[in-house]
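Asks: So here's model_29.cif (mmCIF, C-alpha atoms).
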```
data_input
#
loop_
_atom_site.label_atom_id
_atom_site.label_comp_id
_atom_site.auth_asym_id
_atom_site.auth_seq_id
_atom_site.Cartn_x
_atom_site.Cartn_y
_atom_site.Cartn_z
CA MET U 1 -58.97 314.87 51.64
CA ASP U 2 -57.31 317.36 53.95
CA MET U 3 -55.56 316.59 57.24
CA THR U 4 -58.53 317.69 59.33
CA GLU U 5 -60.86 315.31 57.62
CA SER U 6 -58.35 312.49 57.93
CA LEU U 7 -57.96 312.99 61.65
CA ARG U 8 -61.67 313.29 62.25
CA ARG U 9 -62.42 310.08 60.36
CA ASN U 10 -60.27 307.96 62.59
CA GLY U 11 -61.92 309.50 65.63
CA GLU U 12 -58.73 310.52 67.29
CA TYR U 13 -59.77 314.11 67.93
CA GLU U 14 -63.54 313.92 67.67
CA HIS U 15 -64.03 314.61 71.36
CA ALA U 16 -61.71 317.59 71.64
CA GLN U 17 -62.68 319.95 74.41
CA GLU U 18 -64.38 323.17 73.30
CA ASN U 19 -63.92 325.20 76.46
CA PRO U 20 -61.28 327.81 75.60
CA TYR U 21 -60.13 327.92 79.21
CA GLU U 22 -59.32 324.20 79.09
CA ASN U 23 -57.63 324.40 75.69
CA PRO U 24 -53.93 325.20 75.95
CA TYR U 25 -53.84 326.20 72.31
CA GLN U 26 -56.60 328.80 72.64
CA GLY U 27 -54.54 331.43 74.43
CA ALA U 28 -51.75 331.08 71.92
CA GLN U 29 -54.20 331.54 69.04
CA GLN U 30 -55.65 334.75 70.55
CA HIS U 31 -52.22 336.37 70.77
CA ALA U 32 -51.05 335.32 67.33
CA SER U 33 -50.50 338.26 64.89
CA SER U 34 -52.05 336.36 61.94
CA PRO U 35 -55.43 334.62 61.64
CA VAL U 36 -55.70 331.07 62.77
CA ASN U 37 -54.99 328.66 59.91
CA PRO U 38 -58.14 326.61 59.28
CA GLU U 39 -55.93 323.72 58.11
CA TRP U 40 -54.63 323.20 61.62
CA PRO U 41 -56.11 320.17 63.35
CA PRO U 42 -58.12 320.78 66.50
CA PRO U 43 -56.23 320.31 69.76
CA PRO U 44 -56.22 316.89 71.45
CA ALA U 45 -58.83 316.02 74.06
CA GLN U 46 -56.22 315.99 76.83
CA PRO U 47 -53.58 318.66 77.25
CA PRO U 48 -49.99 317.71 76.33
CA ALA U 49 -47.89 316.26 79.11
CA ALA U 50 -45.35 319.06 78.70
CA PRO U 51 -46.17 322.80 78.60
CA TYR U 52 -46.65 324.25 75.15
CA ALA U 53 -43.42 325.71 73.87
CA GLY U 54 -44.69 328.01 71.09
CA PHE U 55 -44.74 328.00 67.32
CA ALA U 56 -42.17 326.79 64.86
CA ALA U 57 -40.75 329.00 62.11
CA ASP U 58 -43.32 327.70 59.57
CA GLY U 59 -46.23 328.69 61.80
CA GLN U 60 -47.00 325.15 62.93
CA PRO U 61 -47.11 324.47 66.66
CA GLU U 62 -44.04 322.72 67.97
CA GLN U 63 -44.43 319.18 69.32
CA PRO U 64 -43.59 318.93 73.00
CA GLN U 65 -40.03 317.80 73.63
CA LYS U 66 -41.17 315.15 76.05
CA ARG U 67 -42.91 313.20 73.31
CA ARG U 68 -39.75 313.06 71.19
CA ARG U 69 -37.76 311.83 74.19
CA ALA U 70 -40.39 309.19 74.89
CA ARG U 71 -40.00 307.77 71.38
CA ARG U 72 -36.22 307.61 71.67
CA GLY U 73 -36.20 306.36 75.26
CA PRO U 74 -36.89 302.64 74.77
CA VAL U 75 -34.12 302.27 72.18
CA ALA U 76 -31.60 303.99 74.39
CA LEU U 77 -32.75 301.94 77.37
CA LEU U 78 -32.38 298.65 75.52
CA ALA U 79 -28.88 299.57 74.43
CA ALA U 80 -27.92 300.42 77.97
CA VAL U 81 -29.39 297.18 79.30
CA ALA U 82 -27.50 295.23 76.65
CA ILE U 83 -24.24 296.85 77.67
CA VAL U 84 -24.86 296.23 81.35
CA ALA U 85 -25.95 292.66 80.66
CA ALA U 86 -22.77 292.04 78.72
CA ALA U 87 -20.68 293.41 81.55
CA ILE U 88 -22.57 291.41 84.15
CA GLY U 89 -22.41 288.30 81.99
CA GLY U 90 -18.66 288.51 81.64
CA GLY U 91 -18.23 289.16 85.33
CA THR U 92 -20.48 286.25 86.21
CA ALA U 93 -18.56 283.87 83.97
CA TYR U 94 -15.29 284.96 85.54
CA GLY U 95 -16.72 284.58 89.02
CA ILE U 96 -17.92 281.06 88.32
CA GLN U 97 -14.55 280.13 86.90
CA GLU U 98 -12.81 281.44 89.98
CA LEU U 99 -15.27 279.92 92.47
CA THR U 100 -15.37 276.50 90.83
CA GLY U 101 -11.74 276.40 89.75
CA GLY U 102 -10.37 274.91 92.97
CA ASP U 103 -10.59 271.16 92.62
CA THR U 104 -12.10 269.56 89.56
CA VAL U 105 -11.66 266.18 91.18
CA ALA U 106 -12.97 266.40 94.72
CA THR U 107 -10.71 264.05 96.61
CA ALA U 108 -8.56 264.41 99.68
CA THR U 109 -5.46 263.70 97.61
CA SER U 110 -6.24 266.02 94.70
CA THR U 111 -5.20 269.66 94.58
CA ASN U 112 -5.17 272.35 91.96
CA VAL U 113 -1.46 272.67 91.19
CA VAL U 114 -2.02 274.78 88.06
CA PRO U 115 -2.70 278.51 88.66
CA SER U 116 -6.30 279.49 87.91
CA SER U 117 -5.19 281.79 85.08
CA GLN U 118 -3.70 278.77 83.25
CA LYS U 119 -6.17 276.15 84.42
CA GLY U 120 -6.99 273.47 81.86
CA THR U 121 -4.07 274.29 79.55
CA VAL U 122 -1.20 272.01 78.58
CA SER U 123 1.25 274.87 79.01
CA GLY U 124 -0.08 275.52 82.52
CA VAL U 125 0.33 271.87 83.49
CA ALA U 126 3.81 271.71 81.96
CA LYS U 127 4.99 274.83 83.78
CA ALA U 128 3.60 273.67 87.11
CA VAL U 129 4.73 270.03 87.03
CA SER U 130 7.93 269.94 84.96
CA PRO U 131 10.12 270.86 87.98
CA SER U 132 8.93 267.61 89.62
CA ILE U 133 10.01 265.36 86.71
CA VAL U 134 13.59 264.10 86.38
CA GLU U 135 15.76 262.19 83.93
CA ILE U 136 17.34 258.96 85.21
CA SER U 137 20.46 257.34 83.78
CA ALA U 138 21.12 253.82 85.05
CA THR U 139 24.33 251.90 84.35
CA SER U 140 25.04 248.19 84.77
CA ASN U 141 27.48 245.63 83.42
CA ALA U 142 25.02 244.98 80.59
CA GLY U 143 24.88 248.59 79.47
CA SER U 144 22.98 251.75 80.26
CA SER U 145 19.42 252.99 80.02
CA THR U 146 17.62 256.30 80.22
CA GLY U 147 14.28 256.75 81.89
CA SER U 148 12.27 259.25 83.86
CA GLY U 149 11.07 259.69 87.42
CA VAL U 150 8.72 261.73 89.61
CA ILE U 151 9.87 263.62 92.72
CA ILE U 152 7.52 262.87 95.61
CA THR U 153 9.37 264.57 98.52
CA ASP U 154 11.38 267.78 98.68
CA ASP U 155 14.44 265.89 99.94
CA GLY U 156 14.66 263.70 96.84
CA GLU U 157 12.47 260.60 96.99
CA ILE U 158 11.66 259.63 93.40
CA ILE U 159 9.24 257.08 91.97
CA THR U 160 10.14 255.36 88.70
CA ASN U 161 9.70 252.01 86.97
CA ASN U 162 11.51 248.97 88.25
CA HIS U 163 12.72 248.19 84.75
CA VAL U 164 14.52 251.55 84.58
CA VAL U 165 16.85 250.85 87.52
CA SER U 166 16.74 247.08 88.06
CA GLY U 167 20.24 245.61 88.31
CA ALA U 168 21.89 249.04 88.02
CA SER U 169 25.27 249.57 89.66
CA SER U 170 25.06 253.34 89.28
CA VAL U 171 22.11 255.73 89.07
CA LYS U 172 22.41 259.39 88.10
CA VAL U 173 19.57 261.88 88.12
CA ARG U 174 19.22 265.24 86.39
CA THR U 175 16.51 267.67 87.51
CA SER U 176 14.69 270.14 85.27
CA ASP U 177 17.07 272.96 86.23
CA GLY U 178 20.07 270.95 85.04
CA LYS U 179 21.45 269.88 88.43
CA GLU U 180 22.87 266.36 88.63
CA TYR U 181 22.63 264.03 91.62
CA THR U 182 23.74 260.56 92.53
CA ALA U 183 20.90 258.32 93.68
CA GLU U 184 20.58 255.03 95.49
CA VAL U 185 17.85 252.45 94.96
CA VAL U 186 15.74 252.23 98.14
CA GLY U 187 13.18 249.59 97.16
CA THR U 188 11.84 247.77 94.12
CA ASP U 189 8.67 245.88 93.26
CA SER U 190 9.00 243.99 89.99
CA LYS U 191 5.42 242.70 90.20
CA LYS U 192 4.10 246.24 89.98
CA ASP U 193 7.07 247.50 87.92
CA LEU U 194 7.78 250.19 90.51
CA ALA U 195 10.94 251.40 92.23
CA LEU U 196 11.84 254.09 94.76
CA ILE U 197 15.19 255.88 94.57
CA LYS U 198 16.62 258.60 96.82
CA LEU U 199 18.89 261.47 95.81
CA GLU U 200 22.00 262.17 97.86
CA ASN U 201 22.35 265.60 99.50
CA ALA U 202 19.17 267.00 97.98
CA SER U 203 16.80 269.53 99.52
CA GLY U 204 14.26 272.12 98.48
CA LEU U 205 13.01 270.13 95.50
CA LYS U 206 9.47 270.55 94.20
CA ALA U 207 7.44 267.46 95.03
CA ALA U 208 4.63 266.42 92.71
CA SER U 209 1.03 266.18 93.86
CA LEU U 210 -0.25 262.60 93.73
CA GLY U 211 -3.87 262.54 92.57
CA ASP U 212 -6.62 259.92 92.57
CA SER U 213 -6.55 257.47 89.66
CA ASP U 214 -9.93 256.05 90.70
CA ALA U 215 -11.50 259.39 89.71
CA VAL U 216 -10.04 259.26 86.19
CA GLY U 217 -12.51 258.76 83.33
CA VAL U 218 -12.17 257.71 79.72
CA GLY U 219 -11.84 260.82 77.58
CA ASP U 220 -10.19 262.94 80.30
CA GLN U 221 -7.42 265.15 79.00
CA VAL U 222 -3.94 264.26 80.21
CA VAL U 223 -0.34 265.43 79.85
CA ALA U 224 2.77 263.23 79.81
CA ILE U 225 6.19 264.54 80.84
CA GLY U 226 9.44 262.59 80.61
CA SER U 227 12.76 262.21 78.84
CA PRO U 228 12.19 260.19 75.67
CA GLU U 229 15.47 259.35 73.94
CA GLY U 230 17.24 261.52 76.52
CA LEU U 231 15.30 264.67 75.57
CA THR U 232 14.76 265.99 79.09
CA GLY U 233 11.43 267.56 79.99
CA THR U 234 9.53 266.57 76.84
CA VAL U 235 5.81 267.34 77.08
CA THR U 236 3.05 265.58 75.15
CA SER U 237 -0.71 265.54 75.60
CA GLY U 238 -3.75 263.44 74.80
CA ILE U 239 -6.65 261.73 76.49
CA VAL U 240 -7.33 258.68 78.60
CA SER U 241 -8.18 256.06 75.98
CA ALA U 242 -9.20 253.22 78.30
CA LEU U 243 -8.98 252.04 81.89
CA ASP U 244 -8.05 248.75 83.58
CA ARG U 245 -6.03 247.38 80.68
CA ASP U 246 -4.28 244.13 81.61
CA VAL U 247 -0.65 244.78 80.67
CA THR U 248 1.93 242.03 81.16
CA VAL U 249 5.60 242.96 81.59
CA SER U 250 8.80 241.08 82.29
CA THR U 251 10.17 240.71 85.80
CA ASP U 252 13.32 238.95 84.64
CA GLU U 253 16.35 241.04 85.57
CA GLY U 254 18.41 239.41 82.84
CA GLN U 255 15.81 240.38 80.27
CA GLN U 256 15.85 243.97 81.50
CA GLN U 257 19.64 244.14 81.28
CA GLN U 258 19.49 242.74 77.77
CA GLN U 259 17.09 245.47 76.73
CA ARG U 260 19.36 248.13 78.21
CA GLY U 261 22.41 246.62 76.52
CA GLN U 262 20.69 246.79 73.14
CA GLY U 263 19.99 250.44 73.72
CA GLY U 264 16.47 250.07 72.35
CA GLY U 265 14.73 251.22 75.50
CA GLN U 266 11.48 249.70 74.25
CA TRP U 267 10.26 247.82 77.28
CA PRO U 268 8.72 244.46 76.21
CA PHE U 269 5.14 243.80 77.28
CA GLU U 270 2.18 241.63 76.43
CA PHE U 271 -1.38 242.63 75.72
CA GLY U 272 -4.25 240.53 74.37
CA GLY U 273 -2.05 237.44 74.18
CA GLN U 274 0.56 239.12 71.97
CA GLU U 275 4.09 240.26 72.76
CA PHE U 276 5.26 243.74 71.84
CA ASN U 277 8.67 245.37 71.67
CA GLY U 278 10.53 242.08 72.15
CA ASP U 279 10.37 238.87 74.15
CA THR U 280 8.99 239.33 77.65
CA GLY U 281 10.93 236.30 78.91
CA SER U 282 9.80 233.52 81.18
CA SER U 283 8.98 235.59 84.27
CA THR U 284 6.19 238.14 83.90
CA THR U 285 3.66 240.06 85.92
CA THR U 286 0.34 241.64 84.97
CA TYR U 287 -1.18 244.85 86.27
CA LYS U 288 -4.15 247.07 85.48
CA ALA U 289 -3.02 250.07 83.45
CA ILE U 290 -4.38 253.39 82.23
CA GLN U 291 -4.23 253.53 78.45
CA THR U 292 -3.49 256.88 76.80
CA ASP U 293 -2.91 258.25 73.33
CA ALA U 294 -0.46 260.85 74.67
CA SER U 295 2.76 260.20 72.80
CA LEU U 296 5.16 257.96 74.77
CA ASN U 297 8.55 256.94 73.47
CA PRO U 298 11.62 255.08 74.83
CA GLY U 299 12.79 257.05 77.86
CA ASN U 300 9.30 258.05 79.01
CA SER U 301 9.27 255.03 81.34
CA GLY U 302 8.91 256.19 84.95
CA GLY U 303 7.65 259.62 83.93
CA ALA U 304 4.32 261.18 84.82
CA LEU U 305 0.84 261.00 83.38
CA ILE U 306 -0.90 264.12 84.70
CA ASP U 307 -4.46 265.43 84.85
CA MET U 308 -5.31 269.00 83.87
CA ASN U 309 -5.16 270.16 87.49
CA GLY U 310 -1.51 269.14 87.66
CA ASN U 311 -1.96 265.98 89.74
CA ILE U 312 -0.06 262.77 88.93
CA ILE U 313 -2.56 260.07 87.96
CA GLY U 314 -0.13 257.48 86.63
CA ILE U 315 3.50 256.43 86.07
CA ASN U 316 4.16 255.82 82.38
CA SER U 317 5.49 252.32 81.95
CA ALA U 318 4.93 250.78 78.52
CA MET U 319 4.35 251.73 74.91
CA TYR U 320 3.52 249.90 71.76
CA SER U 321 5.98 250.06 68.91
CA ALA U 322 5.80 247.82 65.84
CA THR U 323 8.99 245.74 65.80
CA GLU U 324 9.18 245.92 62.02
CA ALA U 325 8.89 249.69 61.93
CA SER U 326 11.86 251.96 61.58
CA ALA U 327 13.19 253.87 64.55
CA SER U 328 11.78 257.08 63.09
CA ALA U 329 8.20 255.76 63.16
CA GLY U 330 7.69 257.12 66.66
CA SER U 331 4.70 256.68 68.93
CA VAL U 332 1.50 255.23 67.53
CA GLY U 333 -0.66 256.48 70.39
CA LEU U 334 -0.79 253.31 72.48
CA GLY U 335 0.78 254.01 75.85
CA PHE U 336 0.17 252.57 79.32
CA ALA U 337 0.62 253.95 82.81
CA ILE U 338 0.53 252.39 86.27
CA PRO U 339 -2.34 254.03 88.23
CA VAL U 340 -1.09 256.38 90.94
CA ASN U 341 -3.28 254.70 93.56
CA THR U 342 -1.21 251.55 93.00
CA VAL U 343 1.90 253.64 93.60
CA LYS U 344 0.55 255.12 96.85
CA ALA U 345 -0.44 251.69 98.14
CA ASP U 346 3.04 250.35 97.39
CA LEU U 347 5.02 253.25 98.89
CA PRO U 348 5.30 251.89 102.46
CA ASP U 349 6.89 248.66 101.21
CA LEU U 350 9.23 250.50 98.85
CA ARG U 351 10.36 252.83 101.65
CA ALA U 352 10.97 249.79 103.85
CA GLY U 353 13.48 248.51 101.30
CA ALA U 354 11.42 245.90 99.48
CA SER U 355 13.24 244.05 96.69
CA ASN U 356 10.91 241.71 94.92
#
```
Once more with this new file: its structure as structure tokens, please.

Replies:
Amino acid sequence: MDMTESLRRNGEYEHAQENPYENPYQGAQQHASSPVNPEWPPPPAQPPAAPYAGFAADGQPEQPQKRRRARRGPVALLAAVAIVAAAIGGGTAYGIQELTGGDTVATATSTNVVPSSQKGTVSGVAKAVSPSIVEISATSNAGSSTGSGVIITDDGEIITNNHVVSGASSVKVRTSDGKEYTAEVVGTDSKKDLALIKLENASGLKAASLGDSDAVGVGDQVVAIGSPEGLTGTVTSGIVSALDRDVTVSTDEGQQQQQRGQGGGQWPFEFGGQEFNGDTGSSTTTYKAIQTDASLNPGNSGGALIDMNGNIIGINSAMYSATEASASAGSVGLGFAIPVNTVKADLPDLRAGASN
């Protein structure tokens, strides 16, 4: 079967026009120097979209260039669309990140302290908030203790735990840049385990942003910054493990001094009817705490628990440590923090010089 028969059977060219004036191939055939090859198929019923270009070297008529471009066109177009879509997709994602990256927690007291380029990273939180966290060394007749604190005003107001400074005759503070200050205790609240101290002759400090602990959810990522075992500016991270944990701590000043004198730094507390890290004594108080698995160790007391926007959501206050374990056992991922909303509610009394 030759090509002509094949084409005629499928009917593609059965209705080819016979008028030589309407056939674009006819003129070319009349001027050809050799006879028309009978093997050539008859011309199509409609003229080609592009003008006829002539004959190829083998004597066959050339296919119009437009048809070859039409076959390649869709592939090239799809590739171009894919490239543009990828570019638009990336730009859209970046735009959404920038437009929605202001405040993850929409509250009047929550701001985005971390730059957008480092948003949601532990390193970004650490860089932004570390200048607001200090190391506190308190000395009394019973001994000395090391804790942490959070700067809340640029002239040196600092929030910490009551058990860090209670009964202290001298309080020294070291900021993240290595400067040392003398501080005085302004007010204490043993029932909430909070204290306010004030640096002498301080100015231009970086105050922390106090967030909204009511907006915190279980599973939220958090960062803890403090001075465990005197290691200033130590950063750990984890999640919020639970909320509203009833933690019971000692309010007995003698008990606190005993703990400082032993140098253990493991603040005794009760949870679930059991005592941890030593005897809590006869005088205790209970508060609702944020539980976290971010590593807390002796010296983290008074330091910050921080959300991923860089806002303080709690003041680290207690940790579990098995009394039988060796000192090298470290944190077991059971830490507790006083909610920052409790701190904000207590600030007016602390600034007024409360001592209870």

Asks: Hey, what's within 12 Å of U:Lys288 if we count only C-alpha atoms and toss same-chain stuff fewer than 5 positions away? As a list in words, please?

Replies: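 With the cut-off at 12 Å, the set is Lys191, Lys192, Asp193, Ser213, Asp214, Ala242, Leu243, Asp244, Arg245, Asp246, Val247, Thr248, Val249, Phe271, Gly314, Ser317, Phe336, Ala337, Ile338, Pro339, Val340, Asn341 and Thr342 of chain U.
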
Asks: Atom CA of U:Val332 and atom CA of U:Ala126 are how many Å apart?

Replies: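 We find that atom CA of U:Val332 and atom CA of U:Ala126 lie 22.0 Å from each other.
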
Asks: Counting all atoms listed in the file, which of U:Leu334, U:Val134, U:Leu210, U:Val343 gets nearest to U:Leu231?

Replies: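 Nearest candidate to U:Leu231 out of U:Leu334, U:Val134, U:Leu210, U:Val343: U:Val134.
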
Asks: Apply the PyMOL selection byres ((chain U and resi 173) around 6) to the structure shown and report the selected residues as number ranges by chain.

Replies: U: 135-136, 172, 174, 180-181

Asks: Only C-alpha atoms, please: the residues just picked out, written as a PDB file, in the frame of the given file.

Replies:
```
ATOM      1  CA  GLU U 135      15.760 262.190  83.930  1.00  0.00           C
ATOM      2  CA  ILE U 136      17.340 258.960  85.210  1.00  0.00           C
ATOM      3  CA  LYS U 172      22.410 259.390  88.100  1.00  0.00           C
ATOM      4  CA  ARG U 174      19.220 265.240  86.390  1.00  0.00           C
ATOM      5  CA  GLU U 180      22.870 266.360  88.630  1.00  0.00           C
ATOM      6  CA  TYR U 181      22.630 264.030  91.620  1.00  0.00           C
TER       7      TYR U 181
END
```

Asks: Can you spell out as a ChimeraX atom specification the set of residues that the PyMOL selection byres ((chain U and resi 158) around 7) selects in the structure I just provided?

Replies: /U:149-152,156-157,159-160,196-198

Asks: What does the structure give for the distance between atom CA of U:Ser295 and atom CA of U:Lys179, in Å to one decimal?

Replies: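 Computed distance, atom CA of U:Ser295 to atom CA of U:Lys179, equals 26.2 Å.
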
Asks: Give me, as a CSV table (one decimal) with C-alpha atoms, in the frame of the given file, all polymer residues having an atom no more than 8 Å from U:Thr188, counting all atoms listed in the file and skipping those fewer than 3 positions away in the same chain.

Replies:
```csv
chain,number,residue,atom,x,y,z
U,162,ASN,CA,11.5,249.0,88.2
U,166,SER,CA,16.7,247.1,88.1
U,185,VAL,CA,17.8,252.4,95.0
U,193,ASP,CA,7.1,247.5,87.9
U,194,LEU,CA,7.8,250.2,90.5
U,195,ALA,CA,10.9,251.4,92.2
U,196,LEU,CA,11.8,254.1,94.8
U,350,LEU,CA,9.2,250.5,98.8
U,353,GLY,CA,13.5,248.5,101.3
U,354,ALA,CA,11.4,245.9,99.5
U,355,SER,CA,13.2,244.0,96.7
U,356,ASN,CA,10.9,241.7,94.9
```

Asks: State, in Å with one decimal place, the distance from atom CA of U:Val122 to atom CA of U:Ala304.

Replies: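 Distance between the two atoms: 13.7 Å.
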
Asks: Which one of U:Gly143, U:Gly217, U:Gly187, U:Gly310 sits closest to U:Ser169 if you count only C-alpha atoms?

Replies: U:Gly143

Asks: Which one of U:Thr251, U:Asn112, U:Thr232, U:Thr284 sits closest to U:Asn161 if you count all atoms listed in the file?

Replies: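 Result for the nearest residue to U:Asn161: U:Thr251.
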
Asks: Go through U:Gln118, U:Thr111, U:Ser176, U:Ser170 and flag the residue nearest U:Ser209, using all atoms listed in the file for the distances.

Replies: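 Nearest candidate to U:Ser209 out of U:Gln118, U:Thr111, U:Ser176, U:Ser170: U:Thr111.
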
Asks: Hey, what's within 10 Å of U:Gly204 if we count only C-alpha atoms and toss same-chain stuff fewer than 4 positions away? As a list in words, please?

Replies: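 Answer for this query is Thr153, Asp154, Asp155 and Gly156 of chain U.
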
Asks: Excluding same-chain residues fewer than 6 positions from stretch 219-227 of chain U, what lies within 6 Å of it counting all atoms listed in the file, as a count of residues only?

Replies: 17
